[in-house]
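Read the structure below first, then the notes.
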Amino acid sequence: MTTPSGTPEKPHPSQTHPTTGAIADAPLVIVTGMSGAGRSTTANVLEDLGWLVVDNLPPQMLESLVELRYASVQRHPDAALRQLAVVVDVRSRGWFAHLQEAIDAATARGERPSVLFLDATDEALVRRFESVRRPHPLQGEGRLLDGIQRERALLLDLRSSADVVIDSSGLNVHQLTAKLASLFAGDRKVQLRIAVMSFGFKYGLPLDADVVFDMRFLPNPYWVPELKALNGQDEAVADYVMRQDGAQEFLDRATDLLSTMVDGYVREGRRYVTVAVGCTGGKHRSVATAEALSGRLGTEQVDTFTVHRDLGRE
């Protein structure tokens, strides 16, 4: 329910303080709520956390999807369908009225979906729709506010029965992302995936690089005859590069710098970061350094993998 000003009524305590692990470990979550309140952001967060997300599903298809997930998990216990999220909202028009019926049917089969409801004040929703210059799906020939109020009336019962209600009125997209990630991570720490990429400057900077390090301040193994044909993955080259003055100091400082940045990336809702490490040809110094740096960055919170973009081009 809402106040006369359109401010969402304070939810029941069971909605604002659910058992965190319950929704984080739920096999099926229905994401619904007011248009413009953050359903798309929620879908993106769940996809980043490894959930399979189906957007704008007609409620009548929910039972079939539940059956598909169950059958897939039985055949392949580690399948990506183990955790499934469905975005259902008024875009499905008349079909949306069948959502509660679909939830009841799934519950009767022993797989009661958890319902996450995204809400916001009328003022916040008007502001968001005006900023993107799109009509409300229920606006018709009326005002934007008319569409919002129609939708709020349609969702009244669903909101009251939701497992979790999030009011996104005062949240920007980064704050909402952080809140959702915390909710669905449960007892697990939110992970940041870092790609440590070696490259050669002569082939150009990686377009997707977030951070770039230049290893051309170290002597080039290319000019050492017995190392020229090898690359930075070979032990002889790696030992040569890491023995040079400044190599270990660079690794120490780069690790400290990136460790500081990781906390900020997580707070800002970043899930993927590319750290590019370059040398002249992307064969010796950058490869050896990328391997060493990647090994240092991996923690419980951070998952790293190494990519050698230009290795083998020479």
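Going by the structure tokens order, chains are called A, B, ..., each with residues numbered from 1, while ligands are numbered from 1 in the order shown.
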Using only C-alpha atoms, I'd like a table of the residues in region 262-285 of chain A that come within 9 Å of region 231-240 of chain A; for each, show the closest atom pair and its distance in Å rounded to one decimal, ordered by chain and ascending number, as JSON lines.
```
{"residue": "A:Gly282", "atom": "CA", "partner": "A:Gly232", "partner_atom": "CA", "distance": 9.0}
{"residue": "A:Lys283", "atom": "CA", "partner": "A:Asn231", "partner_atom": "CA", "distance": 5.3}
{"residue": "A:His284", "atom": "CA", "partner": "A:Gly232", "partner_atom": "CA", "distance": 4.3}
{"residue": "A:Arg285", "atom": "CA", "partner": "A:Gly232", "partner_atom": "CA", "distance": 6.2}
```
Output file for the selection above: N, CA and C atoms, as a PDB file, in the first residue's frame:
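What ended up in out09.pdb:
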```pdb
ATOM      1  N   GLY A 282      54.650  -8.200 -26.545  1.00  0.00           N
ATOM      2  CA  GLY A 282      53.679  -9.033 -25.845  1.00  0.00           C
ATOM      3  C   GLY A 282      54.096 -10.480 -25.744  1.00  0.00           C
ATOM      4  N   LYS A 283      55.408 -10.734 -25.669  1.00  0.00           N
ATOM      5  CA  LYS A 283      55.901 -12.104 -25.681  1.00  0.00           C
ATOM      6  C   LYS A 283      56.682 -12.478 -24.431  1.00  0.00           C
ATOM      7  N   HIS A 284      57.495 -11.554 -23.924  1.00  0.00           N
ATOM      8  CA  HIS A 284      58.383 -11.895 -22.815  1.00  0.00           C
ATOM      9  C   HIS A 284      57.989 -11.224 -21.495  1.00  0.00           C
ATOM     10  N   ARG A 285      58.334  -9.916 -21.368  1.00  0.00           N
ATOM     11  CA  ARG A 285      58.152  -9.216 -20.096  1.00  0.00           C
ATOM     12  C   ARG A 285      56.699  -9.131 -19.662  1.00  0.00           C
TER      13      ARG A 285
END
```
Contact residues around His136 (chain A) with only C-alpha atoms at 10 Å, ignoring same-chain residues under 5 positions, as JSON, numbers by chain = {"A": [35, 36, 91, 125, 126, 129, 130, 142, 143, 144, 145, 146, 147, 148, 151]}
Report the closest atom pair, with its distance in Å rounded to one decimal, for each residue of region 19-76 of chain A that has an atom no farther than 7 Å from region 170-184 of chain A; count only C-alpha atoms, sort by chain and then rising residue number, and write it as JSON lines.
```
{"residue": "A:Thr20", "atom": "CA", "partner": "A:Leu183", "partner_atom": "CA", "distance": 6.3}
{"residue": "A:Ile23", "atom": "CA", "partner": "A:Phe184", "partner_atom": "CA", "distance": 6.7}
{"residue": "A:Ala24", "atom": "CA", "partner": "A:Phe184", "partner_atom": "CA", "distance": 4.3}
{"residue": "A:Thr41", "atom": "CA", "partner": "A:Thr177", "partner_atom": "CA", "distance": 6.8}
{"residue": "A:Thr42", "atom": "CA", "partner": "A:Leu180", "partner_atom": "CA", "distance": 6.8}
{"residue": "A:Val45", "atom": "CA", "partner": "A:Ala181", "partner_atom": "CA", "distance": 6.4}
```
Region 287-289 of chain A environment, 12 Å, only C-alpha atoms, sequence neighbours closer than 5 positions dropped, as a PyMOL selection string = chain A and resi 196-200+213-216+218+220-221+230-244+246-252+254-255+275-282+294-296+306-312
Selection file, C-alpha atoms, as a CSV table (one decimal), in the first residue's frame:
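Contents of the output file out_3.csv:
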```csv
chain,number,residue,atom,x,y,z
A,196,VAL,CA,45.1,-9.9,-16.3
A,197,MET,CA,46.0,-9.5,-20.0
A,198,SER,CA,49.4,-9.3,-21.5
A,199,PHE,CA,49.8,-7.4,-24.8
A,200,GLY,CA,52.3,-5.9,-27.2
A,213,PHE,CA,50.9,-1.2,-16.9
A,214,ASP,CA,54.0,-0.7,-19.1
A,215,MET,CA,56.8,-3.2,-18.5
A,216,ARG,CA,59.2,-1.7,-21.0
A,218,LEU,CA,62.7,-3.7,-17.7
A,220,ASN,CA,64.1,-7.1,-22.9
A,221,PRO,CA,64.8,-10.9,-22.9
A,230,LEU,CA,61.1,-18.5,-25.6
A,231,ASN,CA,58.2,-16.6,-24.0
A,232,GLY,CA,57.2,-15.4,-20.6
A,233,GLN,CA,55.5,-18.6,-19.7
A,234,ASP,CA,58.9,-20.4,-19.9
A,235,GLU,CA,60.7,-20.7,-16.5
A,236,ALA,CA,64.0,-19.3,-17.9
A,237,VAL,CA,62.3,-16.1,-19.2
A,238,ALA,CA,60.2,-15.6,-16.1
A,239,ASP,CA,63.2,-16.0,-13.8
A,240,TYR,CA,65.2,-13.5,-16.0
A,241,VAL,CA,62.4,-10.9,-15.9
A,242,MET,CA,61.7,-11.3,-12.2
A,243,ARG,CA,65.4,-10.9,-11.3
A,244,GLN,CA,65.7,-7.5,-12.9
A,246,GLY,CA,62.5,-3.0,-10.0
A,247,ALA,CA,60.6,-6.1,-11.0
A,248,GLN,CA,59.7,-7.3,-7.5
A,249,GLU,CA,59.1,-3.8,-6.3
A,250,PHE,CA,56.7,-3.2,-9.2
A,251,LEU,CA,54.8,-6.4,-8.4
A,252,ASP,CA,54.5,-5.4,-4.7
A,254,ALA,CA,50.9,-3.0,-8.3
A,255,THR,CA,49.4,-5.6,-6.0
A,275,VAL,CA,44.2,-5.2,-16.1
A,276,ALA,CA,46.5,-4.9,-19.1
A,277,VAL,CA,50.2,-5.5,-18.9
A,278,GLY,CA,52.2,-4.5,-21.9
A,279,CYS,CA,55.7,-4.7,-23.4
A,280,THR,CA,57.0,-4.2,-26.9
A,281,GLY,CA,55.8,-7.4,-28.5
A,282,GLY,CA,53.7,-9.0,-25.8
A,294,SER,CA,47.5,-12.8,-11.6
A,295,GLY,CA,48.8,-15.2,-9.0
A,296,ARG,CA,49.1,-12.5,-6.4
A,306,THR,CA,45.2,-14.6,-17.4
A,307,VAL,CA,44.9,-13.9,-21.1
A,308,HIS,CA,47.9,-13.5,-23.4
A,309,ARG,CA,46.5,-11.5,-26.3
A,310,ASP,CA,49.6,-11.3,-28.6
A,311,LEU,CA,51.5,-14.4,-27.6
A,312,GLY,CA,52.4,-16.3,-30.8
```
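For region 220-314 of chain A, a DSSP pass over the backbone yields strand (DSSP E) at Tyr272, Val273, Thr274, Val275, Ala276, Val277, Gly278, Cys279, Val302, Asp303, Thr304, Phe305, Thr306, Val307 and His308 of chain A.
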Excluding Ile30 (chain A) and residues on its chain fewer than 3 positions from it, collect all residues at most 7 Å away from it, counting only C-alpha atoms, and give them as a list of chain:residue names.
-> A:Ala85, A:Val86, A:Val87, A:Val88, A:Pro113, A:Ser114, A:Val115, A:Leu116
Would you kindly return, as a list of chain:residue names, each protein, DNA or RNA residue with an atom no farther than 10 Å from any atom of Leu84 (chain A), considering only C-alpha atoms and excluding same-chain residues fewer than 6 positions away?
-> A:Ala26, A:Pro27, A:Leu28, A:Val29, A:Ile30, A:Leu46, A:Glu47, A:Gly50, A:Trp51, A:Leu52, A:Val53, A:Val54, A:Leu65, A:Val66, A:Arg69, A:Pro113
Okay, now the selection with all heavy atoms, as a short mmCIF file (atom, residue, chain, number, x, y, z; two decimals), in the first residue's frame?
```
data_model
loop_
_atom_site.label_atom_id
_atom_site.label_comp_id
_atom_site.auth_asym_id
_atom_site.auth_seq_id
_atom_site.Cartn_x
_atom_site.Cartn_y
_atom_site.Cartn_z
N ALA A 26 17.63 -19.74 -3.12
CA ALA A 26 16.37 -20.18 -3.71
C ALA A 26 16.59 -20.69 -5.13
O ALA A 26 17.34 -20.10 -5.91
CB ALA A 26 15.37 -19.02 -3.73
N PRO A 27 15.95 -21.81 -5.50
CA PRO A 27 16.11 -22.32 -6.86
C PRO A 27 15.36 -21.48 -7.90
O PRO A 27 15.70 -21.51 -9.07
CB PRO A 27 15.52 -23.73 -6.78
CG PRO A 27 14.54 -23.65 -5.65
CD PRO A 27 15.13 -22.69 -4.67
N LEU A 28 14.34 -20.74 -7.44
CA LEU A 28 13.55 -19.93 -8.37
C LEU A 28 13.14 -18.63 -7.70
O LEU A 28 12.55 -18.65 -6.61
CB LEU A 28 12.30 -20.69 -8.83
CG LEU A 28 11.31 -19.91 -9.70
CD1 LEU A 28 11.97 -19.49 -11.02
CD2 LEU A 28 10.06 -20.75 -9.98
N VAL A 29 13.47 -17.50 -8.32
CA VAL A 29 13.10 -16.19 -7.81
C VAL A 29 12.30 -15.47 -8.89
O VAL A 29 12.71 -15.43 -10.06
CB VAL A 29 14.33 -15.35 -7.43
CG1 VAL A 29 13.94 -13.90 -7.13
CG2 VAL A 29 15.01 -15.96 -6.20
N ILE A 30 11.16 -14.92 -8.50
CA ILE A 30 10.37 -14.09 -9.40
C ILE A 30 10.67 -12.64 -9.09
O ILE A 30 10.49 -12.18 -7.95
CB ILE A 30 8.86 -14.36 -9.25
CG1 ILE A 30 8.55 -15.79 -9.72
CG2 ILE A 30 8.05 -13.35 -10.04
CD1 ILE A 30 7.10 -16.18 -9.55
N LEU A 46 21.79 -10.53 -11.14
CA LEU A 46 21.64 -11.98 -11.03
C LEU A 46 22.41 -12.71 -12.12
O LEU A 46 23.02 -13.75 -11.87
CB LEU A 46 20.16 -12.35 -11.08
CG LEU A 46 19.35 -11.94 -9.84
CD1 LEU A 46 17.86 -12.23 -10.05
CD2 LEU A 46 19.85 -12.67 -8.61
N GLU A 47 22.39 -12.17 -13.33
CA GLU A 47 23.19 -12.79 -14.40
C GLU A 47 24.67 -12.77 -14.05
O GLU A 47 25.38 -13.75 -14.28
CB GLU A 47 22.94 -12.06 -15.72
CG GLU A 47 21.60 -12.38 -16.36
CD GLU A 47 21.47 -11.79 -17.76
OE1 GLU A 47 22.30 -10.91 -18.10
OE2 GLU A 47 20.56 -12.20 -18.48
N GLY A 50 25.70 -15.50 -11.85
CA GLY A 50 25.61 -16.85 -12.38
C GLY A 50 24.22 -17.42 -12.50
O GLY A 50 24.06 -18.60 -12.85
N TRP A 51 23.20 -16.62 -12.24
CA TRP A 51 21.82 -17.10 -12.38
C TRP A 51 21.42 -17.10 -13.85
O TRP A 51 21.92 -16.29 -14.64
CB TRP A 51 20.86 -16.20 -11.61
CG TRP A 51 20.95 -16.30 -10.12
CD1 TRP A 51 22.05 -16.10 -9.34
CD2 TRP A 51 19.89 -16.62 -9.21
NE1 TRP A 51 21.75 -16.26 -8.02
CE2 TRP A 51 20.42 -16.58 -7.90
CE3 TRP A 51 18.54 -16.91 -9.38
CZ2 TRP A 51 19.66 -16.83 -6.78
CZ3 TRP A 51 17.77 -17.16 -8.25
CH2 TRP A 51 18.33 -17.13 -6.97
N LEU A 52 20.50 -17.99 -14.20
CA LEU A 52 19.86 -17.92 -15.51
C LEU A 52 18.64 -17.02 -15.36
O LEU A 52 17.77 -17.27 -14.51
CB LEU A 52 19.44 -19.30 -15.99
CG LEU A 52 18.70 -19.33 -17.33
CD1 LEU A 52 19.62 -18.91 -18.46
CD2 LEU A 52 18.12 -20.70 -17.62
N VAL A 53 18.56 -15.97 -16.15
CA VAL A 53 17.49 -14.98 -16.03
C VAL A 53 16.64 -14.99 -17.29
O VAL A 53 17.15 -14.90 -18.40
CB VAL A 53 18.06 -13.57 -15.78
CG1 VAL A 53 16.93 -12.55 -15.66
CG2 VAL A 53 18.92 -13.55 -14.52
N VAL A 54 15.33 -15.11 -17.11
CA VAL A 54 14.38 -15.05 -18.22
C VAL A 54 13.55 -13.79 -18.04
O VAL A 54 12.89 -13.61 -17.01
CB VAL A 54 13.46 -16.29 -18.25
CG1 VAL A 54 12.49 -16.19 -19.42
CG2 VAL A 54 14.29 -17.56 -18.32
N LEU A 65 8.56 -23.80 -17.25
CA LEU A 65 9.96 -23.46 -17.00
C LEU A 65 10.47 -24.18 -15.75
O LEU A 65 11.62 -24.64 -15.72
CB LEU A 65 10.10 -21.95 -16.85
CG LEU A 65 11.52 -21.38 -16.89
CD1 LEU A 65 12.19 -21.70 -18.22
CD2 LEU A 65 11.48 -19.86 -16.69
N VAL A 66 9.63 -24.26 -14.72
CA VAL A 66 10.01 -24.98 -13.51
C VAL A 66 10.27 -26.45 -13.83
O VAL A 66 11.24 -27.04 -13.36
CB VAL A 66 8.91 -24.83 -12.44
CG1 VAL A 66 9.16 -25.79 -11.28
CG2 VAL A 66 8.85 -23.40 -11.92
N ARG A 69 13.60 -26.75 -15.65
CA ARG A 69 14.73 -26.62 -14.73
C ARG A 69 14.93 -27.89 -13.93
O ARG A 69 16.05 -28.39 -13.78
CB ARG A 69 14.50 -25.45 -13.78
CG ARG A 69 15.70 -25.14 -12.87
CD ARG A 69 15.31 -24.31 -11.66
NE ARG A 69 14.47 -25.07 -10.75
CZ ARG A 69 14.95 -25.93 -9.85
NH1 ARG A 69 16.24 -26.14 -9.76
NH2 ARG A 69 14.14 -26.59 -9.06
N PRO A 113 8.19 -20.35 -5.45
CA PRO A 113 9.15 -19.31 -5.84
C PRO A 113 9.28 -18.25 -4.75
O PRO A 113 8.33 -17.95 -4.03
CB PRO A 113 8.52 -18.71 -7.11
CG PRO A 113 7.45 -19.67 -7.53
CD PRO A 113 6.99 -20.34 -6.28
#
```
List every residue of region 69-287 of chain A that DSSP, applied to the backbone of this structure, assigns to alpha helix (DSSP H), and report them as a ChimeraX atom specification.
-> /A:69-75,99-108,122-132,144-154,156-161,173-185,225-228,235-243,247-267,285-287
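The space separating CA of Pro219 (chain A) from CA of Ala290 (chain A) comes to 16.1 Å.
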Distance query Ser259 (chain A) at most 12 Å, only C-alpha atoms, self and fewer than 2 positions along chain excluded, as a ChimeraX atom specification = /A:192,194,251-257,261-266,293-294,296-299,301-302
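Relative to CA of Asp210 (chain A), CA of Arg193 (chain A) is found at 12.6 Å.
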